[in-house]
>>> print(open('start_36.txt').read())   # compact mmCIF, C-alpha atoms
# COMPACT_ATOMS: atom_id res chain seq x y z
CA MET A 1 -35.27 15.17 22.43
CA LEU A 2 -34.81 11.89 20.54
CA ALA A 3 -35.98 13.50 17.30
CA LYS A 4 -33.51 16.35 17.70
CA THR A 5 -30.69 13.92 18.36
CA THR A 6 -31.59 11.93 15.25
CA LEU A 7 -31.57 15.02 13.04
CA LEU A 8 -28.26 16.16 14.48
CA LEU A 9 -26.65 12.77 13.77
CA VAL A 10 -27.75 12.74 10.14
CA ALA A 11 -26.41 16.25 9.62
CA LEU A 12 -23.11 15.74 11.42
CA VAL A 13 -22.31 12.05 10.86
CA ALA A 14 -18.97 12.99 9.27
CA VAL A 15 -17.74 14.54 12.51
CA THR A 16 -19.54 12.40 15.09
CA ALA A 17 -18.02 9.04 14.30
CA SER A 18 -18.32 7.76 17.84
CA ALA A 19 -22.07 8.48 18.14
CA ALA A 20 -24.72 5.85 17.45
CA PRO A 21 -27.19 6.32 14.57
CA PRO A 22 -30.92 6.09 15.15
CA PRO A 23 -31.55 2.33 15.36
CA PRO A 24 -34.75 0.71 14.09
CA LYS A 25 -37.56 1.23 16.61
CA ALA A 26 -38.19 -2.51 16.94
CA VAL A 27 -34.66 -3.26 18.13
CA THR A 28 -33.67 -0.06 19.92
CA ALA A 29 -32.94 -1.83 23.20
CA ASP A 30 -31.42 -4.96 21.74
CA TYR A 31 -28.61 -3.78 19.43
CA ASP A 32 -25.26 -2.04 19.68
CA TRP A 33 -24.45 0.21 16.71
CA ARG A 34 -21.23 1.35 15.03
CA VAL A 35 -21.47 4.20 12.56
CA GLY A 36 -19.48 3.76 9.37
CA THR A 37 -17.03 6.55 10.12
CA ALA A 38 -16.05 4.74 13.31
CA LEU A 39 -15.36 1.50 11.44
CA THR A 40 -12.19 0.57 9.59
CA LEU A 41 -13.21 1.02 5.97
CA GLU A 42 -11.03 -0.68 3.37
CA GLY A 43 -10.76 0.84 -0.10
CA ARG A 44 -10.52 4.38 1.26
CA GLY A 45 -7.23 5.45 -0.27
CA PHE A 46 -7.01 9.04 0.99
CA ALA A 47 -7.20 9.61 4.73
CA ASP A 48 -7.98 13.32 4.25
CA ALA A 49 -10.95 12.77 1.93
CA LYS A 50 -14.39 13.58 3.32
CA PRO A 51 -16.26 10.57 4.73
CA TYR A 52 -17.76 8.35 2.04
CA THR A 53 -15.86 10.04 -0.79
CA ARG A 54 -12.89 8.76 -2.75
CA VAL A 55 -10.75 11.84 -3.46
CA PRO A 56 -9.83 14.79 -1.21
CA GLU A 57 -10.49 18.38 -2.21
CA ARG A 58 -6.76 19.12 -2.50
CA LEU A 59 -6.59 16.86 -5.58
CA HIS A 60 -9.60 18.42 -7.32
CA THR A 61 -7.33 20.33 -9.69
CA ASN A 62 -5.79 17.09 -10.94
CA MET A 63 -9.14 15.92 -12.27
CA THR A 64 -11.52 16.82 -15.04
CA ASP A 65 -14.95 18.03 -13.99
CA LYS A 66 -16.49 14.70 -15.00
CA ALA A 67 -14.02 12.66 -12.97
CA TRP A 68 -14.44 14.93 -9.94
CA ALA A 69 -18.22 14.58 -10.15
CA LEU A 70 -17.77 10.80 -9.81
CA SER A 71 -15.48 11.02 -6.78
CA PRO A 72 -18.07 11.35 -3.95
CA THR A 73 -18.94 7.65 -4.04
CA THR A 74 -17.93 4.58 -2.06
CA ILE A 75 -17.16 2.10 -4.83
CA GLY A 76 -14.71 -0.43 -3.43
CA PHE A 77 -15.28 0.67 0.16
CA ASN A 78 -16.04 -2.15 2.54
CA ALA A 79 -16.28 -2.73 6.27
CA ARG A 80 -14.75 -5.90 7.74
CA PHE A 81 -15.38 -7.10 11.27
CA VAL A 82 -15.87 -10.22 13.39
CA THR A 83 -18.77 -10.70 15.79
CA ASP A 84 -20.17 -13.49 17.95
CA SER A 85 -23.68 -12.11 17.45
CA ASP A 86 -26.11 -14.45 15.69
CA GLU A 87 -27.59 -11.55 13.71
CA VAL A 88 -26.14 -8.57 11.85
CA VAL A 89 -28.08 -5.49 10.77
CA VAL A 90 -26.85 -2.89 8.27
CA ARG A 91 -28.55 0.48 7.88
CA TRP A 92 -27.65 3.13 5.32
CA ARG A 93 -28.96 6.13 3.43
CA VAL A 94 -28.04 7.31 -0.08
CA LYS A 95 -28.68 10.65 -1.75
CA SER A 96 -30.40 9.16 -4.79
CA ALA A 97 -31.65 5.60 -5.09
CA MET A 98 -32.46 5.87 -8.80
CA PRO A 99 -29.88 3.75 -10.67
CA ILE A 100 -28.20 4.61 -13.94
CA LYS A 101 -29.38 2.62 -16.93
CA TYR A 102 -26.77 -0.12 -16.90
CA MET A 103 -26.69 -0.78 -13.16
CA THR A 104 -29.08 -2.62 -10.84
CA PRO A 105 -30.52 -0.84 -7.78
CA ILE A 106 -28.50 -3.17 -5.53
CA CYS A 107 -25.19 -2.31 -7.23
CA HIS A 108 -26.00 1.37 -7.57
CA GLY A 109 -27.13 2.15 -4.04
CA GLY A 110 -27.25 -1.09 -2.09
CA VAL A 111 -24.99 -3.11 0.18
CA ASP A 112 -23.60 -6.61 -0.29
CA VAL A 113 -22.58 -8.97 2.52
CA TYR A 114 -20.00 -11.78 2.49
CA ALA A 115 -18.75 -14.12 5.21
CA ARG A 116 -15.31 -15.69 5.58
CA THR A 117 -15.85 -19.15 6.99
CA GLY A 118 -13.50 -21.40 8.91
CA ASP A 119 -11.86 -22.69 5.72
CA GLY A 120 -10.72 -19.15 4.89
CA LYS A 121 -13.00 -18.77 1.86
CA TRP A 122 -15.50 -16.02 1.24
CA ARG A 123 -19.13 -16.93 0.56
CA HIS A 124 -21.95 -14.63 -0.40
CA VAL A 125 -24.61 -14.17 2.28
CA THR A 126 -27.13 -11.55 1.16
CA CYS A 127 -27.63 -8.12 -0.40
CA GLU A 128 -30.24 -5.38 -0.41
CA ALA A 129 -31.20 -2.21 -2.29
CA PRO A 130 -32.41 1.01 -0.65
CA ASP A 131 -35.98 2.24 -0.80
CA PRO A 132 -36.32 3.84 -4.27
CA LYS A 133 -38.26 6.81 -2.86
CA THR A 134 -36.39 7.68 0.33
CA GLY A 135 -32.91 6.27 -0.29
CA ASP A 136 -33.03 4.53 3.11
CA GLY A 137 -31.93 0.91 3.34
CA GLU A 138 -31.92 -1.80 6.00
CA LEU A 139 -30.53 -5.32 5.75
CA ARG A 140 -30.89 -8.03 8.38
CA THR A 141 -29.25 -11.41 8.24
CA ALA A 142 -28.68 -14.36 10.53
CA TRP A 143 -25.01 -14.79 11.34
CA LYS A 144 -22.71 -17.61 12.36
CA ALA A 145 -20.83 -16.44 15.41
CA GLY A 146 -17.13 -15.99 14.75
CA ASP A 147 -17.34 -15.67 10.96
CA GLU A 148 -15.70 -12.58 9.53
CA CYS A 149 -18.16 -10.18 7.93
CA LEU A 150 -17.44 -8.07 4.85
CA VAL A 151 -19.97 -5.40 3.85
CA TYR A 152 -19.50 -3.73 0.44
CA LEU A 153 -20.93 -0.21 0.25
CA PRO A 154 -22.87 1.40 -2.66
CA VAL A 155 -21.11 1.75 -6.00
CA ARG A 156 -22.57 4.87 -7.62
CA ALA A 157 -25.14 6.46 -5.29
CA GLN A 158 -23.69 8.99 -2.84
CA LEU A 159 -23.67 7.48 0.66
CA LEU A 160 -24.95 9.82 3.38
CA ASP A 161 -25.10 7.54 6.41
CA PHE A 162 -24.05 4.00 7.29
CA ALA A 163 -24.11 1.86 10.42
CA VAL A 164 -23.77 -1.77 11.51
CA GLY A 165 -25.64 -3.27 14.44
CA VAL A 166 -25.03 -6.46 16.43
CA LYS A 167 -27.02 -7.81 19.34
CA LYS A 168 -26.31 -5.95 22.54
CA GLY A 169 -23.59 -7.48 24.66
CA HIS A 170 -21.91 -9.32 21.81
CA SER A 171 -18.37 -8.74 20.52
CA PHE A 172 -17.48 -6.54 17.60
CA ASP A 173 -13.84 -6.75 16.51
CA LYS A 174 -11.83 -5.62 13.51
CA GLY A 175 -11.57 -7.95 10.54
CA LEU A 176 -8.97 -10.67 10.61
CA ALA A 177 -5.62 -10.10 8.91
CA HIS A 178 -5.72 -12.02 5.62
CA ARG A 179 -3.54 -9.92 3.36
CA VAL A 180 -0.66 -10.76 1.05
CA ALA A 181 0.45 -7.10 1.09
CA ALA A 182 0.37 -4.47 3.81
CA LYS A 183 -0.39 -1.76 1.25
CA PRO A 184 -3.42 -1.61 -1.06
CA VAL A 185 -3.64 -2.27 -4.78
CA VAL A 186 -4.75 0.88 -6.61
CA ILE A 187 -6.64 0.55 -9.89
CA TYR A 188 -7.35 3.54 -12.15
CA GLY A 189 -9.72 3.20 -15.07
CA THR A 190 -13.08 3.35 -16.77
CA SER A 191 -16.76 2.56 -16.20
CA ILE A 192 -15.80 -1.12 -16.18
CA VAL A 193 -13.50 -0.47 -13.21
CA ASN A 194 -16.37 1.71 -11.90
CA GLY A 195 -18.65 -1.33 -11.71
CA GLY A 196 -20.63 -1.53 -14.94
CA SER A 197 -22.47 -3.81 -15.27
CA ALA A 198 -22.34 -6.01 -12.17
CA SER A 199 -25.59 -6.96 -10.42
CA ARG A 200 -24.21 -6.19 -6.95
CA PRO A 201 -21.10 -4.55 -5.41
CA GLY A 202 -19.35 -7.83 -4.56
CA LEU A 203 -19.43 -8.99 -8.19
CA ILE A 204 -17.47 -6.11 -9.68
CA PHE A 205 -14.20 -7.59 -10.89
CA THR A 206 -12.20 -5.32 -8.57
CA SER A 207 -14.14 -6.76 -5.61
CA ILE A 208 -13.59 -10.31 -6.85
CA MET A 209 -9.87 -9.80 -7.37
CA GLY A 210 -9.60 -8.27 -3.88
CA ARG A 211 -11.21 -11.30 -2.23
CA HIS A 212 -9.38 -13.89 -4.32
CA ALA A 213 -5.95 -12.23 -4.10
CA ASP A 214 -6.45 -11.22 -0.46
CA VAL A 215 -5.57 -7.58 -1.07
CA GLU A 216 -7.20 -4.29 -0.22
CA VAL A 217 -8.29 -2.50 -3.41
CA VAL A 218 -8.56 1.26 -3.88
CA ASN A 219 -10.93 1.77 -6.81
CA LEU A 220 -10.28 4.87 -8.90
CA GLY A 221 -12.66 4.06 -11.72
CA PHE A 222 -14.22 7.10 -13.40
CA SER A 223 -16.89 6.23 -15.94
CA GLY A 224 -15.98 7.76 -19.28
CA ALA A 225 -13.28 9.85 -17.63
CA GLY A 226 -10.36 7.43 -17.20
CA LYS A 227 -8.26 9.11 -19.89
CA MET A 228 -4.70 9.11 -18.54
CA GLU A 229 -4.30 12.88 -18.24
CA LEU A 230 -0.84 13.53 -16.79
CA PRO A 231 -2.06 15.16 -13.53
CA MET A 232 -3.89 11.92 -12.77
CA ALA A 233 -0.51 10.21 -12.41
CA ASP A 234 0.14 12.43 -9.39
CA LEU A 235 -3.29 11.58 -7.97
CA VAL A 236 -2.78 7.84 -8.42
CA ALA A 237 0.72 8.02 -6.92
CA ASP A 238 -0.61 9.91 -3.91
CA VAL A 239 -1.77 6.55 -2.52
CA ASP A 240 1.16 4.53 -1.23
CA ALA A 241 0.40 1.22 -2.92
CA ALA A 242 1.74 -2.29 -3.30
CA LEU A 243 0.77 -2.19 -7.00
CA TYR A 244 -0.73 0.30 -9.45
CA ILE A 245 -3.08 -1.03 -12.14
CA LEU A 246 -3.86 1.15 -15.17
CA ASP A 247 -6.95 0.03 -17.09
CA CYS A 248 -8.09 2.98 -19.22
CA GLU A 249 -8.24 1.75 -22.80
CA HIS A 250 -12.03 1.66 -23.14
CA ASN A 251 -11.97 5.45 -22.63
CA MET A 252 -9.08 6.03 -25.02
CA ARG A 253 -8.41 6.54 -28.70
CA VAL A 254 -5.26 5.18 -30.32
CA ALA A 255 -3.90 8.71 -30.71
CA TRP A 256 -4.42 9.38 -27.00
CA VAL A 257 -2.68 6.14 -26.05
CA ARG A 258 0.35 7.12 -28.09
CA GLU A 259 0.30 10.65 -26.69
CA ARG A 260 -0.43 10.00 -23.01
CA TYR A 261 0.66 6.54 -21.88
CA GLU A 262 4.41 7.01 -21.95
CA PRO A 263 4.43 10.37 -20.10
CA PHE A 264 2.01 8.93 -17.54
CA LEU A 265 4.16 5.85 -16.94
CA ARG A 266 7.35 7.92 -16.69
CA ARG A 267 5.73 10.30 -14.22
CA LEU A 268 4.45 7.42 -12.09
CA LYS A 269 7.91 5.84 -12.16
CA THR A 270 9.43 9.13 -10.96
CA LEU A 271 6.94 9.47 -8.12
CA ARG A 272 6.93 5.80 -7.05
CA PRO A 273 10.14 4.27 -8.42
CA ASN A 274 9.91 1.06 -6.41
CA THR A 275 6.24 0.22 -6.89
CA PRO A 276 5.25 -2.24 -9.63
CA VAL A 277 2.79 -1.16 -12.32
CA LEU A 278 0.38 -3.36 -14.28
CA LEU A 279 -0.65 -1.91 -17.64
CA CYS A 280 -3.82 -3.48 -19.02
CA GLY A 281 -5.31 -3.82 -22.46
CA GLY A 282 -9.03 -3.23 -22.78
CA CYS A 283 -11.09 -6.32 -21.98
CA THR A 284 -12.60 -7.92 -25.06
CA GLU A 285 -14.70 -10.98 -25.84
CA LYS A 286 -12.98 -11.21 -29.23
CA GLU A 287 -9.98 -13.34 -30.06
CA SER A 288 -7.86 -10.35 -31.11
CA PRO A 289 -6.91 -7.27 -29.07
CA MET A 290 -8.39 -3.81 -29.46
CA ASP A 291 -6.46 -1.28 -31.55
CA THR A 292 -5.65 0.66 -28.39
CA GLU A 293 -3.97 -2.43 -26.97
CA ARG A 294 -1.75 -2.73 -30.01
CA ALA A 295 -0.60 0.84 -29.31
CA SER A 296 -0.12 0.41 -25.56
CA SER A 297 1.73 -2.89 -25.96
CA GLU A 298 4.17 -1.11 -28.29
CA ILE A 299 4.85 1.48 -25.57
CA TYR A 300 5.29 -1.30 -23.02
CA ALA A 301 7.79 -3.08 -25.30
CA LYS A 302 9.65 0.17 -25.94
CA LEU A 303 10.14 0.90 -22.25
CA LYS A 304 11.17 -2.67 -21.42
CA ALA A 305 13.78 -2.62 -24.20
CA GLU A 306 14.98 0.87 -23.30
CA ASP A 307 16.08 -0.05 -19.77
CA PRO A 308 15.22 -3.59 -18.62
CA ALA A 309 16.41 -2.94 -15.08
CA LEU A 310 14.50 0.32 -14.63
CA TRP A 311 11.27 -1.14 -16.03
CA ALA A 312 11.63 -4.62 -14.53
CA ASP A 313 8.50 -4.05 -12.42
CA LEU A 314 6.34 -2.89 -15.34
CA HIS A 315 3.91 -5.66 -16.30
CA TYR A 316 1.27 -6.15 -18.98
CA LEU A 317 -2.10 -7.92 -19.08
CA SER A 318 -3.76 -8.37 -22.46
CA GLY A 319 -7.46 -7.61 -22.74
CA VAL A 320 -7.87 -10.84 -24.71
CA GLU A 321 -7.13 -12.85 -21.56
CA GLN A 322 -9.74 -11.09 -19.46
CA LEU A 323 -13.11 -12.25 -20.83
CA PRO A 324 -14.61 -15.55 -22.02
CA LYS A 325 -14.76 -15.86 -25.81
CA THR A 326 -18.53 -15.70 -26.05
CA ASP A 327 -21.10 -13.00 -26.71
CA GLU A 328 -22.77 -13.81 -23.37
CA CYS A 329 -20.21 -12.17 -21.06
CA THR A 330 -21.26 -8.52 -21.49
CA HIS A 331 -24.55 -6.69 -21.70
CA ASP A 332 -23.54 -4.44 -24.60
CA HIS A 333 -20.34 -6.02 -26.01
CA CYS A 334 -18.37 -3.67 -23.77
CA HIS A 335 -19.43 -3.68 -20.09
CA PRO A 336 -19.07 -7.16 -18.55
CA ASN A 337 -21.96 -8.80 -16.77
CA ASP A 338 -21.52 -11.05 -13.72
CA PHE A 339 -20.35 -13.93 -15.92
CA GLY A 340 -17.67 -11.77 -17.52
CA PHE A 341 -16.65 -10.15 -14.26
CA MET A 342 -16.09 -13.52 -12.60
CA GLN A 343 -13.43 -14.42 -15.17
CA MET A 344 -11.93 -10.92 -15.07
CA GLY A 345 -11.71 -11.00 -11.28
CA ASN A 346 -9.94 -14.36 -11.31
CA VAL A 347 -7.53 -13.34 -14.08
CA TYR A 348 -6.64 -10.12 -12.29
CA ALA A 349 -6.27 -11.91 -8.95
CA ASP A 350 -3.83 -14.42 -10.44
CA LYS A 351 -1.84 -11.61 -12.06
CA ILE A 352 -1.74 -9.60 -8.83
CA LYS A 353 -0.53 -12.60 -6.84
CA SER A 354 2.17 -13.41 -9.38
CA ILE A 355 3.46 -9.81 -9.24
CA LEU A 356 3.35 -9.39 -5.46
CA GLU A 357 4.92 -12.76 -4.79
CA LYS A 358 8.06 -11.52 -6.50
>>> encode(input="start_36.txt", output="C-alpha cells")
Amino acid sequence: MLAKTTLLLVALVAVTASAAPPPPKAVTADYDWRVGTALTLEGRGFADAKPYTRVPERLHTNMTDKAWALSPTTIGFNARFVTDSDEVVVRWRVKSAMPIKYMTPICHGGVDVYARTGDGKWRHVTCEAPDPKTGDGELRTAWKAGDECLVYLPVRAQLLDFAVGVKKGHSFDKGLAHRVAAKPVVIYGTSIVNGGSASRPGLIFTSIMGRHADVEVVNLGFSGAGKMELPMADLVADVDAALYILDCEHNMRVAWVRERYEPFLRRLKTLRPNTPVLLCGGCTEKESPMDTERASSEIYAKLKAEDPALWADLHYLSGVEQLPKTDECTHDHCHPNDFGFMQMGNVYADKIKSILEK
C-alpha cells in the first residue's frame, strides 16, 4: 500500500499539494513534510502556470519555440518559511541532472539554502546537487530555531517534485515580511539573467539583487532567446509588477535594438502606464559600452526628450557599471562568474531601491 501511495504522489504532485511526499525511511516517524506546491513559492509570476514552470500555456503563442522550451524551469523560485526545528531537510527530484556546459550541477539541478538571522541579514548555509543518475536530491542541515529559511530551487533542470521537512511537532510558518514593495520585480533577458555562469542558485545576480533589495524577483531569462519580440511585451506585462527590468542586449544585434526596443517600450507603457521600467545595457568588463548599448541609450534619450512627463519612470543602467574592470569576472568574457555576479547583484539592488523609493 505504501509503494502505491508513493507512486501516486509522484505522478499527481501537481494536484495533491496537501499530501505528504515519501519521506526518507530513516526519519519517517520523526519529520513533518510540506510539498512544494503547498508552500508559498516566491518568483512564480503566473498563478495559472503549471507547478514548477514559469509561463502558462495561454502565453505559449507569445514566445518563440526556444523560449517556450526554457519555460518549464524554476529559476528564481524560492520557498521562505520560519521554523523552530533544529534541523531542516529538503528533498527534490529533477527530470535530468546532467548540467549544461557552463553550469555547475548545483546550479543546474540543485537547491541552495540561506538563513535570515536576527540582524536581518541573509547568510549562506548550504547547498546540494541531485544524484547525477537518478535526479533525486536530499539536503539536511542543522538549523537555528527561529531563523527564516530561504530555499532556492533548481535553475535549469526541470523540477518534478519538492518537499521540506522539519522535526515532528515543531512550527512551520510563512516567511517574514521583509519587502520594500508588495509587488514583484520582473526581469526579462538572456542566459545571464537565466543564471549563467553562477556556481549555485543563490549567486545568480537576480537572486543577489532580490536579497539585497528585499524584493521578490520573477525571472524571465531565456538563454539565447531574450530578443525583445513585440509579443513578449504582453507576456512581461501580464505580471503585475513594481518594476520591469529589460536586459536583452547580449542576445541582440544593433539592427534589432533599433527595430524592436522602441515598439516594445511603447507597448509596455500602454499596458502598464504607471509601472517604472529599467532598460539595461549589456554587462561588460570593458571600460566602454557595447555597440548595442549605444543604440539603446539613443532610444532611451529620444523617449525622454519626446515627453519627459510620460517617460519620467523610464530608467537606464549602463552595462559598464555592472561588472568589475578585470578579465577575472566572467568565464568566457560574456557570462559572469560568482565574482562578477556579486557586483552585478549589488549594482542592480541599489538601482532597484533608488527607483522604488521614489
>>> atom_distance(input="start_36.txt", atom1="CA of Thr53 in chain A", atom2="CA of His250 in chain A")
24.2 Å
>>> closest_residue(input="start_36.txt", among="A:Ile187, A:Leu39, A:Ile192, A:Ile245", to="Gly165 in chain A", atoms="all atoms listed in the file")
A:Leu39
>>> closest_atom_pairs(input="start_36.txt", of="range 114-137 of chain A", to="range 200-217 of chain A", cutoff="12 Å", atoms="only C-alpha atoms", output="JSON lines")
{"residue": "A:Tyr114", "atom": "CA", "partner": "A:Gly202", "partner_atom": "CA", "distance": 8.1}
{"residue": "A:Ala115", "atom": "CA", "partner": "A:Arg211", "partner_atom": "CA", "distance": 11.0}
{"residue": "A:Arg116", "atom": "CA", "partner": "A:Arg211", "partner_atom": "CA", "distance": 9.9}
{"residue": "A:Gly120", "atom": "CA", "partner": "A:Asp214", "partner_atom": "CA", "distance": 10.5}
{"residue": "A:Lys121", "atom": "CA", "partner": "A:His212", "partner_atom": "CA", "distance": 8.7}
{"residue": "A:Trp122", "atom": "CA", "partner": "A:Arg211", "partner_atom": "CA", "distance": 7.3}
{"residue": "A:Arg123", "atom": "CA", "partner": "A:Arg211", "partner_atom": "CA", "distance": 10.1}
{"residue": "A:His124", "atom": "CA", "partner": "A:Gly202", "partner_atom": "CA", "distance": 8.4}
{"residue": "A:Val125", "atom": "CA", "partner": "A:Gly202", "partner_atom": "CA", "distance": 10.7}
{"residue": "A:Thr126", "atom": "CA", "partner": "A:Arg200", "partner_atom": "CA", "distance": 10.2}
{"residue": "A:Cys127", "atom": "CA", "partner": "A:Arg200", "partner_atom": "CA", "distance": 7.6}
{"residue": "A:Glu128", "atom": "CA", "partner": "A:Arg200", "partner_atom": "CA", "distance": 8.9}
{"residue": "A:Ala129", "atom": "CA", "partner": "A:Arg200", "partner_atom": "CA", "distance": 9.3}
>>> write_last_selection(input="start_36.txt", atoms="C-alpha atoms", output="mmCIF file, in the coordinates of the input")
data_model
loop_
_atom_site.group_PDB
_atom_site.id
_atom_site.type_symbol
_atom_site.label_atom_id
_atom_site.label_comp_id
_atom_site.auth_asym_id
_atom_site.auth_seq_id
_atom_site.Cartn_x
_atom_site.Cartn_y
_atom_site.Cartn_z
ATOM 1 C CA TYR A 114 -20.000 -11.780 2.490
ATOM 2 C CA ALA A 115 -18.750 -14.120 5.210
ATOM 3 C CA ARG A 116 -15.310 -15.690 5.580
ATOM 4 C CA GLY A 120 -10.720 -19.150 4.890
ATOM 5 C CA LYS A 121 -13.000 -18.770 1.860
ATOM 6 C CA TRP A 122 -15.500 -16.020 1.240
ATOM 7 C CA ARG A 123 -19.130 -16.930 0.560
ATOM 8 C CA HIS A 124 -21.950 -14.630 -0.400
ATOM 9 C CA VAL A 125 -24.610 -14.170 2.280
ATOM 10 C CA THR A 126 -27.130 -11.550 1.160
ATOM 11 C CA CYS A 127 -27.630 -8.120 -0.400
ATOM 12 C CA GLU A 128 -30.240 -5.380 -0.410
ATOM 13 C CA ALA A 129 -31.200 -2.210 -2.290
#
>>> atom_distance(input="start_36.txt", atom1="CA of Thr134 in chain A", atom2="CA of Ala97 in chain A")
7.5 Å
>>> atom_distance(input="start_36.txt", atom1="CA of Lys66 in chain A", atom2="CA of Ala225 in chain A")
6.4 Å
>>> closest_residue(input="start_36.txt", among="A:Ser318, A:Ser354, A:Thr73, A:Thr275", to="Glu293 in chain A", atoms="all atoms listed in the file")
A:Ser318
>>> closest_residue(input="start_36.txt", among="A:Asp240, A:Asp30, A:Ala67, A:Leu160", to="Met228 in chain A", atoms="only C-alpha atoms")
A:Ala67
